Amino acid sequence: MAFVKITEQPSLYDDLEKKSVLELLQEINAEDQRVALAVQKVIPQIEKLVSQIVPRMKQGGRIFYMGAGTSGRLGVLDASEIPPTFGMPPTLVVGLIAGGDVALRNPVENAEDDAERGWIELQERHINEKDTVIGIAASGTTPYVLGALRNARAHGILTASISSNPDSPISKEAEIPIEMIVGPEFITGSSRMKSGTGQKMILNMITTTTMIKLGRVKGNRMVNMQLSNQKLVDRGTRMVMEELNLEYDQSQRLLLMYGSVKNAVDAYRENNKG
């Protein structure tokens, strides 16, 4: 099957500048509704990936996201939310973007065209066979991502890709290709829209499911979240209250003493056996 670049096909809509604000919003929303359905179709591939990530991370493995532009920024975003949400070290899920941190806010000329740079950055972080490399590229053609996946797979490292085109080059480089076909963008070629939304959904699914299977959630609560502001301290306090049937002040003292909901609950129960 020939490689078809759906991400560059003309929008299903035209004369956008002639439409009312309401029409534009409604039509963008109509296109966004296609995204969840596209993600639903690739759940079997996401399941296969997460099922292989979890045992690797239990042995000390890490997840590396590789991307450029919007794709890279979304990888960095998802990685940056793991420590505060699940209380994990920032070294366990790492987002790498072509052009480095400056590319988070500004375009870096030609950075994504360097096919060797991604693998060099992984080597600098001592990549090994317990790790997983996930390449993110709506087009499926980004050299920075392709080179990293090719080298990682050659070294026996688990690789996956997230793209919005069928049978793209990135799918051929990854052991587990995830092809989320959302169709043409509302503005032709603007993959920050549906493709970016779908990428964010899939990254949420990968890391959230992985963290649950690693024991970082109890029931439906973020019992290992970092207590980085008063809102989170209050939320954690109420979790301790509910779990132990204690008053607010006592629950907050326990939480602040032990640093997390899980530790506070475990310590209280250990100290009050019998």
# chains A, B, ... in the order shown; residues from 1 in each chain; ligands from 1

$ residues_around --residues "range 77-93 of chain A" --least-positions-apart "6" --cutoff "9 Å" --atoms "only C-alpha atoms" --output "PyMOL selection string"
chain A and resi 57+60-65+200+203-204+207-208+211+216-217+222-228+260

$ write_last_selection --atoms "C-alpha atoms" --output "short mmCIF file (atom, residue, chain, number, x, y, z; two decimals), in the first residue's frame"
data_model
loop_
_atom_site.label_atom_id
_atom_site.label_comp_id
_atom_site.auth_asym_id
_atom_site.auth_seq_id
_atom_site.Cartn_x
_atom_site.Cartn_y
_atom_site.Cartn_z
CA MET A 57 9.47 -0.17 34.22
CA GLY A 60 13.84 0.16 36.33
CA GLY A 61 13.09 1.01 32.72
CA ARG A 62 12.07 4.43 31.44
CA ILE A 63 9.86 5.92 28.73
CA PHE A 64 11.39 8.34 26.24
CA TYR A 65 9.12 10.44 24.02
CA LYS A 200 -2.38 14.02 23.79
CA LEU A 203 -0.08 9.83 25.71
CA ASN A 204 -2.54 10.25 28.60
CA THR A 207 1.21 6.93 31.09
CA THR A 208 -1.97 6.86 33.18
CA MET A 211 1.18 4.35 36.50
CA ARG A 216 0.68 4.71 41.91
CA VAL A 217 -3.14 4.99 42.20
CA MET A 222 -3.75 10.12 43.18
CA VAL A 223 -2.41 8.86 46.49
CA ASN A 224 1.23 9.57 45.53
CA MET A 225 0.79 13.11 44.15
CA GLN A 226 3.31 15.77 45.11
CA LEU A 227 2.06 18.28 47.70
CA SER A 228 3.30 21.24 45.68
CA SER A 260 1.89 11.56 50.59
#

$ select_by_dssp --residues "range 70-185 of chain A" --states "strand (DSSP E or B)" --output "JSON, numbers by chain"
{"A": [93, 94, 95, 96, 97, 132, 133, 134, 135, 136, 158, 159, 160, 161, 162, 163, 176, 177, 178, 179]}

$ residues_around --residues "Pro166 in chain A" --least-positions-apart "6" --cutoff "12 Å" --atoms "only C-alpha atoms" --output "number ranges by chain"
A: 1-7, 138-141, 172, 177-183

$ residues_around --residues "range 17-28 of chain A" --least-positions-apart "4" --cutoff "10 Å" --atoms "only C-alpha atoms" --output "mmCIF file with C-alpha atoms, in the first residue's frame"
data_model
loop_
_atom_site.group_PDB
_atom_site.id
_atom_site.type_symbol
_atom_site.label_atom_id
_atom_site.label_comp_id
_atom_site.auth_asym_id
_atom_site.auth_seq_id
_atom_site.Cartn_x
_atom_site.Cartn_y
_atom_site.Cartn_z
ATOM 1 C CA LEU A 12 -13.186 19.315 4.273
ATOM 2 C CA TYR A 13 -14.142 22.962 4.808
ATOM 3 C CA ASP A 32 -12.692 17.115 17.076
ATOM 4 C CA GLN A 33 -15.404 14.517 17.651
ATOM 5 C CA GLU A 185 -7.185 18.997 9.483
ATOM 6 C CA PHE A 186 -9.737 21.812 9.761
ATOM 7 C CA ILE A 187 -7.061 24.171 8.462
ATOM 8 C CA MET A 193 -5.298 20.549 15.792
ATOM 9 C CA LYS A 194 -6.823 17.047 15.448
#

$ atom_distance --atom1 "CA of Ile206 in chain A" --atom2 "CA of Val50 in chain A"
6.1 Å

$ select_by_dssp --residues "range 23-267 of chain A" --states "helix (DSSP H, G or I)" --output "PyMOL selection string"
chain A and resi 23-41+43-58+69-80+82-86+101-104+111-113+117-124+143-154+169-173+194-213+230-244+248-258+261-267

$ closest_residue --among "A:Leu104, A:Ala30, A:Val39, A:Val133" --to "Ser164 in chain A" --atoms "only C-alpha atoms"
A:Val39

$ residues_around --residues "Ile97 in chain A" --least-positions-apart "3" --cutoff "9 Å" --atoms "only C-alpha atoms" --output "VMD selection string"
chain A and resid 65 to 69 71 to 73 75 to 76 100 to 101 103 to 104 112 118 144

$ write_last_selection --atoms "all heavy atoms" --output "compact mmCIF listing (two decimals), in the first residue's frame"
# COMPACT_ATOMS: atom_id res chain seq x y z
N TYR A 65 9.89 9.90 25.14
CA TYR A 65 9.12 10.44 24.02
C TYR A 65 10.06 11.22 23.12
O TYR A 65 10.88 12.01 23.60
CB TYR A 65 8.03 11.40 24.50
CG TYR A 65 6.91 10.78 25.30
CD1 TYR A 65 6.45 11.39 26.46
CD2 TYR A 65 6.28 9.61 24.88
CE1 TYR A 65 5.39 10.87 27.18
CE2 TYR A 65 5.21 9.07 25.60
CZ TYR A 65 4.78 9.70 26.75
OH TYR A 65 3.73 9.18 27.46
N MET A 66 9.94 11.03 21.80
CA MET A 66 10.75 11.78 20.84
C MET A 66 9.82 12.47 19.85
O MET A 66 8.93 11.83 19.28
CB MET A 66 11.66 10.82 20.05
CG MET A 66 12.47 9.84 20.87
SD MET A 66 13.78 10.63 21.84
CE MET A 66 14.81 11.30 20.54
N GLY A 67 10.00 13.78 19.65
CA GLY A 67 9.15 14.48 18.70
C GLY A 67 9.71 15.83 18.34
O GLY A 67 10.67 16.31 18.95
N ALA A 68 9.10 16.46 17.33
CA ALA A 68 9.48 17.82 16.93
C ALA A 68 8.22 18.67 16.88
O ALA A 68 7.12 18.15 16.67
CB ALA A 68 10.16 17.79 15.55
N GLY A 69 8.36 19.97 17.09
CA GLY A 69 7.22 20.86 17.01
C GLY A 69 6.13 20.50 18.01
O GLY A 69 6.41 20.16 19.17
N SER A 71 4.31 17.85 18.26
CA SER A 71 4.46 16.48 18.77
C SER A 71 5.48 16.42 19.89
O SER A 71 5.26 15.75 20.91
CB SER A 71 4.88 15.54 17.63
OG SER A 71 3.92 15.51 16.61
N GLY A 72 6.59 17.11 19.72
CA GLY A 72 7.61 17.13 20.77
C GLY A 72 7.12 17.83 22.02
O GLY A 72 7.38 17.39 23.14
N ARG A 73 6.40 18.94 21.83
CA ARG A 73 5.89 19.69 22.99
C ARG A 73 4.90 18.84 23.79
O ARG A 73 4.89 18.89 25.02
CB ARG A 73 5.24 20.99 22.53
CG ARG A 73 6.23 21.97 21.92
CD ARG A 73 5.59 23.28 21.49
NE ARG A 73 6.56 24.07 20.73
CZ ARG A 73 6.55 24.22 19.42
NH1 ARG A 73 5.58 23.66 18.69
NH2 ARG A 73 7.47 24.93 18.81
N GLY A 75 4.86 15.59 24.02
CA GLY A 75 5.62 14.58 24.74
C GLY A 75 6.24 15.15 26.02
O GLY A 75 6.17 14.54 27.09
N VAL A 76 6.82 16.34 25.91
CA VAL A 76 7.40 17.00 27.08
C VAL A 76 6.32 17.31 28.11
O VAL A 76 6.51 17.14 29.32
CB VAL A 76 8.15 18.28 26.67
CG1 VAL A 76 8.59 19.08 27.90
CG2 VAL A 76 9.35 17.95 25.79
N GLY A 100 15.86 20.96 21.49
CA GLY A 100 16.01 21.16 22.92
C GLY A 100 14.95 22.06 23.53
O GLY A 100 13.95 22.39 22.88
N ASP A 101 15.15 22.46 24.76
CA ASP A 101 14.13 23.19 25.51
C ASP A 101 13.73 24.51 24.85
O ASP A 101 12.59 24.97 25.00
CB ASP A 101 14.60 23.46 26.95
CG ASP A 101 14.51 22.22 27.82
OD1 ASP A 101 14.00 21.18 27.32
OD2 ASP A 101 14.96 22.26 28.98
N ALA A 103 13.05 24.94 21.92
CA ALA A 103 12.01 24.63 20.93
C ALA A 103 10.63 24.49 21.57
O ALA A 103 9.63 24.41 20.84
CB ALA A 103 12.37 23.33 20.20
N LEU A 104 10.55 24.49 22.89
CA LEU A 104 9.24 24.44 23.54
C LEU A 104 8.45 25.72 23.28
O LEU A 104 7.22 25.72 23.25
CB LEU A 104 9.41 24.23 25.04
CG LEU A 104 9.96 22.87 25.47
CD1 LEU A 104 10.23 22.86 26.96
CD2 LEU A 104 8.98 21.76 25.10
N GLU A 112 14.55 19.40 13.32
CA GLU A 112 13.89 18.11 13.13
C GLU A 112 14.46 17.33 11.95
O GLU A 112 14.16 16.16 11.77
CB GLU A 112 12.39 18.30 12.93
CG GLU A 112 11.98 18.97 11.64
CD GLU A 112 10.46 19.02 11.49
OE1 GLU A 112 9.81 19.73 12.29
OE2 GLU A 112 9.95 18.35 10.59
N GLY A 118 18.66 12.61 17.58
CA GLY A 118 17.81 11.94 18.56
C GLY A 118 18.51 10.78 19.23
O GLY A 118 18.42 10.62 20.46
N TYR A 144 14.42 13.41 12.77
CA TYR A 144 14.88 13.35 14.17
C TYR A 144 14.28 12.15 14.89
O TYR A 144 14.96 11.44 15.63
CB TYR A 144 14.48 14.65 14.88
CG TYR A 144 14.68 14.69 16.37
CD1 TYR A 144 15.92 14.98 16.93
CD2 TYR A 144 13.60 14.47 17.24
CE1 TYR A 144 16.09 15.04 18.31
CE2 TYR A 144 13.76 14.53 18.61
CZ TYR A 144 15.01 14.82 19.14
OH TYR A 144 15.16 14.87 20.51

$ closest_residue --among "A:Gly219, A:Gly135, A:Glu242, A:Gly198" --to "Val42 in chain A" --atoms "only C-alpha atoms"
A:Gly198

$ decode --residues "range 39-71 of chain A" --atoms "N, CA, C and O atoms" --output "PDB file, in the first residue's frame"
ATOM      1  N   VAL A  39      -8.927   7.360  17.942  1.00  0.00           N
ATOM      2  CA  VAL A  39      -8.132   6.791  19.039  1.00  0.00           C
ATOM      3  C   VAL A  39      -8.716   5.448  19.473  1.00  0.00           C
ATOM      4  O   VAL A  39      -7.982   4.491  19.754  1.00  0.00           O
ATOM      5  N   GLN A  40     -10.026   5.356  19.523  1.00  0.00           N
ATOM      6  CA  GLN A  40     -10.673   4.094  19.913  1.00  0.00           C
ATOM      7  C   GLN A  40     -10.206   2.938  19.035  1.00  0.00           C
ATOM      8  O   GLN A  40      -9.999   1.817  19.522  1.00  0.00           O
ATOM      9  N   LYS A  41     -10.028   3.194  17.765  1.00  0.00           N
ATOM     10  CA  LYS A  41      -9.647   2.131  16.825  1.00  0.00           C
ATOM     11  C   LYS A  41      -8.238   1.595  17.074  1.00  0.00           C
ATOM     12  O   LYS A  41      -7.923   0.480  16.648  1.00  0.00           O
ATOM     13  N   VAL A  42      -7.387   2.371  17.740  1.00  0.00           N
ATOM     14  CA  VAL A  42      -6.001   1.918  17.957  1.00  0.00           C
ATOM     15  C   VAL A  42      -5.761   1.437  19.388  1.00  0.00           C
ATOM     16  O   VAL A  42      -4.612   1.200  19.777  1.00  0.00           O
ATOM     17  N   ILE A  43      -6.825   1.266  20.164  1.00  0.00           N
ATOM     18  CA  ILE A  43      -6.653   0.758  21.535  1.00  0.00           C
ATOM     19  C   ILE A  43      -5.914  -0.579  21.565  1.00  0.00           C
ATOM     20  O   ILE A  43      -5.067  -0.795  22.446  1.00  0.00           O
ATOM     21  N   PRO A  44      -6.151  -1.518  20.641  1.00  0.00           N
ATOM     22  CA  PRO A  44      -5.377  -2.775  20.677  1.00  0.00           C
ATOM     23  C   PRO A  44      -3.866  -2.553  20.591  1.00  0.00           C
ATOM     24  O   PRO A  44      -3.093  -3.241  21.274  1.00  0.00           O
ATOM     25  N   GLN A  45      -3.425  -1.576  19.780  1.00  0.00           N
ATOM     26  CA  GLN A  45      -1.999  -1.288  19.679  1.00  0.00           C
ATOM     27  C   GLN A  45      -1.482  -0.621  20.966  1.00  0.00           C
ATOM     28  O   GLN A  45      -0.380  -0.908  21.438  1.00  0.00           O
ATOM     29  N   ILE A  46      -2.301   0.273  21.536  1.00  0.00           N
ATOM     30  CA  ILE A  46      -1.902   0.920  22.794  1.00  0.00           C
ATOM     31  C   ILE A  46      -1.808  -0.122  23.905  1.00  0.00           C
ATOM     32  O   ILE A  46      -0.882  -0.095  24.725  1.00  0.00           O
ATOM     33  N   GLU A  47      -2.751  -1.051  23.945  1.00  0.00           N
ATOM     34  CA  GLU A  47      -2.719  -2.125  24.945  1.00  0.00           C
ATOM     35  C   GLU A  47      -1.441  -2.948  24.806  1.00  0.00           C
ATOM     36  O   GLU A  47      -0.779  -3.272  25.813  1.00  0.00           O
ATOM     37  N   LYS A  48      -1.089  -3.291  23.587  1.00  0.00           N
ATOM     38  CA  LYS A  48       0.129  -4.071  23.351  1.00  0.00           C
ATOM     39  C   LYS A  48       1.356  -3.333  23.868  1.00  0.00           C
ATOM     40  O   LYS A  48       2.236  -3.923  24.510  1.00  0.00           O
ATOM     41  N   LEU A  49       1.386  -2.019  23.634  1.00  0.00           N
ATOM     42  CA  LEU A  49       2.522  -1.216  24.083  1.00  0.00           C
ATOM     43  C   LEU A  49       2.598  -1.146  25.602  1.00  0.00           C
ATOM     44  O   LEU A  49       3.654  -1.418  26.199  1.00  0.00           O
ATOM     45  N   VAL A  50       1.503  -0.773  26.246  1.00  0.00           N
ATOM     46  CA  VAL A  50       1.512  -0.628  27.701  1.00  0.00           C
ATOM     47  C   VAL A  50       1.838  -1.964  28.380  1.00  0.00           C
ATOM     48  O   VAL A  50       2.580  -2.006  29.371  1.00  0.00           O
ATOM     49  N   SER A  51       1.331  -3.041  27.825  1.00  0.00           N
ATOM     50  CA  SER A  51       1.588  -4.367  28.402  1.00  0.00           C
ATOM     51  C   SER A  51       3.065  -4.726  28.361  1.00  0.00           C
ATOM     52  O   SER A  51       3.536  -5.530  29.178  1.00  0.00           O
ATOM     53  N   GLN A  52       3.808  -4.138  27.430  1.00  0.00           N
ATOM     54  CA  GLN A  52       5.251  -4.382  27.378  1.00  0.00           C
ATOM     55  C   GLN A  52       6.048  -3.342  28.156  1.00  0.00           C
ATOM     56  O   GLN A  52       7.159  -3.615  28.606  1.00  0.00           O
ATOM     57  N   ILE A  53       5.469  -2.137  28.323  1.00  0.00           N
ATOM     58  CA  ILE A  53       6.151  -1.101  29.102  1.00  0.00           C
ATOM     59  C   ILE A  53       6.180  -1.447  30.588  1.00  0.00           C
ATOM     60  O   ILE A  53       7.214  -1.305  31.258  1.00  0.00           O
ATOM     61  N   VAL A  54       5.053  -1.907  31.121  1.00  0.00           N
ATOM     62  CA  VAL A  54       4.921  -2.095  32.573  1.00  0.00           C
ATOM     63  C   VAL A  54       6.001  -3.020  33.137  1.00  0.00           C
ATOM     64  O   VAL A  54       6.697  -2.644  34.100  1.00  0.00           O
ATOM     65  N   PRO A  55       6.210  -4.226  32.599  1.00  0.00           N
ATOM     66  CA  PRO A  55       7.266  -5.073  33.167  1.00  0.00           C
ATOM     67  C   PRO A  55       8.652  -4.463  33.033  1.00  0.00           C
ATOM     68  O   PRO A  55       9.507  -4.666  33.911  1.00  0.00           O
ATOM     69  N   ARG A  56       8.871  -3.696  31.993  1.00  0.00           N
ATOM     70  CA  ARG A  56      10.181  -3.039  31.839  1.00  0.00           C
ATOM     71  C   ARG A  56      10.379  -1.983  32.924  1.00  0.00           C
ATOM     72  O   ARG A  56      11.470  -1.869  33.496  1.00  0.00           O
ATOM     73  N   MET A  57       9.333  -1.203  33.197  1.00  0.00           N
ATOM     74  CA  MET A  57       9.471  -0.166  34.216  1.00  0.00           C
ATOM     75  C   MET A  57       9.588  -0.761  35.612  1.00  0.00           C
ATOM     76  O   MET A  57      10.245  -0.186  36.493  1.00  0.00           O
ATOM     77  N   LYS A  58       8.988  -1.914  35.830  1.00  0.00           N
ATOM     78  CA  LYS A  58       9.149  -2.592  37.127  1.00  0.00           C
ATOM     79  C   LYS A  58      10.595  -3.017  37.351  1.00  0.00           C
ATOM     80  O   LYS A  58      11.023  -3.208  38.495  1.00  0.00           O
ATOM     81  N   GLN A  59      11.347  -3.142  36.278  1.00  0.00           N
ATOM     82  CA  GLN A  59      12.768  -3.493  36.369  1.00  0.00           C
ATOM     83  C   GLN A  59      13.669  -2.262  36.300  1.00  0.00           C
ATOM     84  O   GLN A  59      14.885  -2.373  36.180  1.00  0.00           O
ATOM     85  N   GLY A  60      13.052  -1.074  36.349  1.00  0.00           N
ATOM     86  CA  GLY A  60      13.837   0.157  36.331  1.00  0.00           C
ATOM     87  C   GLY A  60      13.902   0.844  34.991  1.00  0.00           C
ATOM     88  O   GLY A  60      14.669   1.800  34.808  1.00  0.00           O
ATOM     89  N   GLY A  61      13.093   0.395  34.038  1.00  0.00           N
ATOM     90  CA  GLY A  61      13.089   1.007  32.717  1.00  0.00           C
ATOM     91  C   GLY A  61      12.409   2.362  32.699  1.00  0.00           C
ATOM     92  O   GLY A  61      11.702   2.742  33.635  1.00  0.00           O
ATOM     93  N   ARG A  62      12.619   3.079  31.606  1.00  0.00           N
ATOM     94  CA  ARG A  62      12.072   4.428  31.443  1.00  0.00           C
ATOM     95  C   ARG A  62      11.323   4.525  30.124  1.00  0.00           C
ATOM     96  O   ARG A  62      11.480   3.681  29.238  1.00  0.00           O
ATOM     97  N   ILE A  63      10.518   5.577  29.990  1.00  0.00           N
ATOM     98  CA  ILE A  63       9.862   5.916  28.727  1.00  0.00           C
ATOM     99  C   ILE A  63      10.510   7.184  28.184  1.00  0.00           C
ATOM    100  O   ILE A  63      10.654   8.172  28.909  1.00  0.00           O
ATOM    101  N   PHE A  64      10.888   7.144  26.919  1.00  0.00           N
ATOM    102  CA  PHE A  64      11.387   8.338  26.239  1.00  0.00           C
ATOM    103  C   PHE A  64      10.435   8.693  25.098  1.00  0.00           C
ATOM    104  O   PHE A  64      10.194   7.879  24.212  1.00  0.00           O
ATOM    105  N   TYR A  65       9.891   9.905  25.137  1.00  0.00           N
ATOM    106  CA  TYR A  65       9.119  10.437  24.017  1.00  0.00           C
ATOM    107  C   TYR A  65      10.064  11.218  23.117  1.00  0.00           C
ATOM    108  O   TYR A  65      10.880  12.006  23.598  1.00  0.00           O
ATOM    109  N   MET A  66       9.936  11.030  21.799  1.00  0.00           N
ATOM    110  CA  MET A  66      10.748  11.775  20.837  1.00  0.00           C
ATOM    111  C   MET A  66       9.821  12.473  19.851  1.00  0.00           C
ATOM    112  O   MET A  66       8.928  11.831  19.278  1.00  0.00           O
ATOM    113  N   GLY A  67       9.996  13.775  19.651  1.00  0.00           N
ATOM    114  CA  GLY A  67       9.147  14.476  18.700  1.00  0.00           C
ATOM    115  C   GLY A  67       9.712  15.831  18.343  1.00  0.00           C
ATOM    116  O   GLY A  67      10.668  16.307  18.952  1.00  0.00           O
ATOM    117  N   ALA A  68       9.104  16.463  17.334  1.00  0.00           N
ATOM    118  CA  ALA A  68       9.478  17.815  16.927  1.00  0.00           C
ATOM    119  C   ALA A  68       8.219  18.669  16.878  1.00  0.00           C
ATOM    120  O   ALA A  68       7.118  18.153  16.674  1.00  0.00           O
ATOM    121  N   GLY A  69       8.361  19.966  17.086  1.00  0.00           N
ATOM    122  CA  GLY A  69       7.216  20.862  17.014  1.00  0.00           C
ATOM    123  C   GLY A  69       6.132  20.497  18.009  1.00  0.00           C
ATOM    124  O   GLY A  69       6.413  20.159  19.169  1.00  0.00           O
ATOM    125  N   THR A  70       4.878  20.532  17.562  1.00  0.00           N
ATOM    126  CA  THR A  70       3.749  20.210  18.438  1.00  0.00           C
ATOM    127  C   THR A  70       3.906  18.825  19.058  1.00  0.00           C
ATOM    128  O   THR A  70       3.668  18.637  20.258  1.00  0.00           O
ATOM    129  N   SER A  71       4.312  17.849  18.261  1.00  0.00           N
ATOM    130  CA  SER A  71       4.465  16.476  18.770  1.00  0.00           C
ATOM    131  C   SER A  71       5.481  16.421  19.895  1.00  0.00           C
ATOM    132  O   SER A  71       5.260  15.751  20.913  1.00  0.00           O
TER     133      SER A  71
END
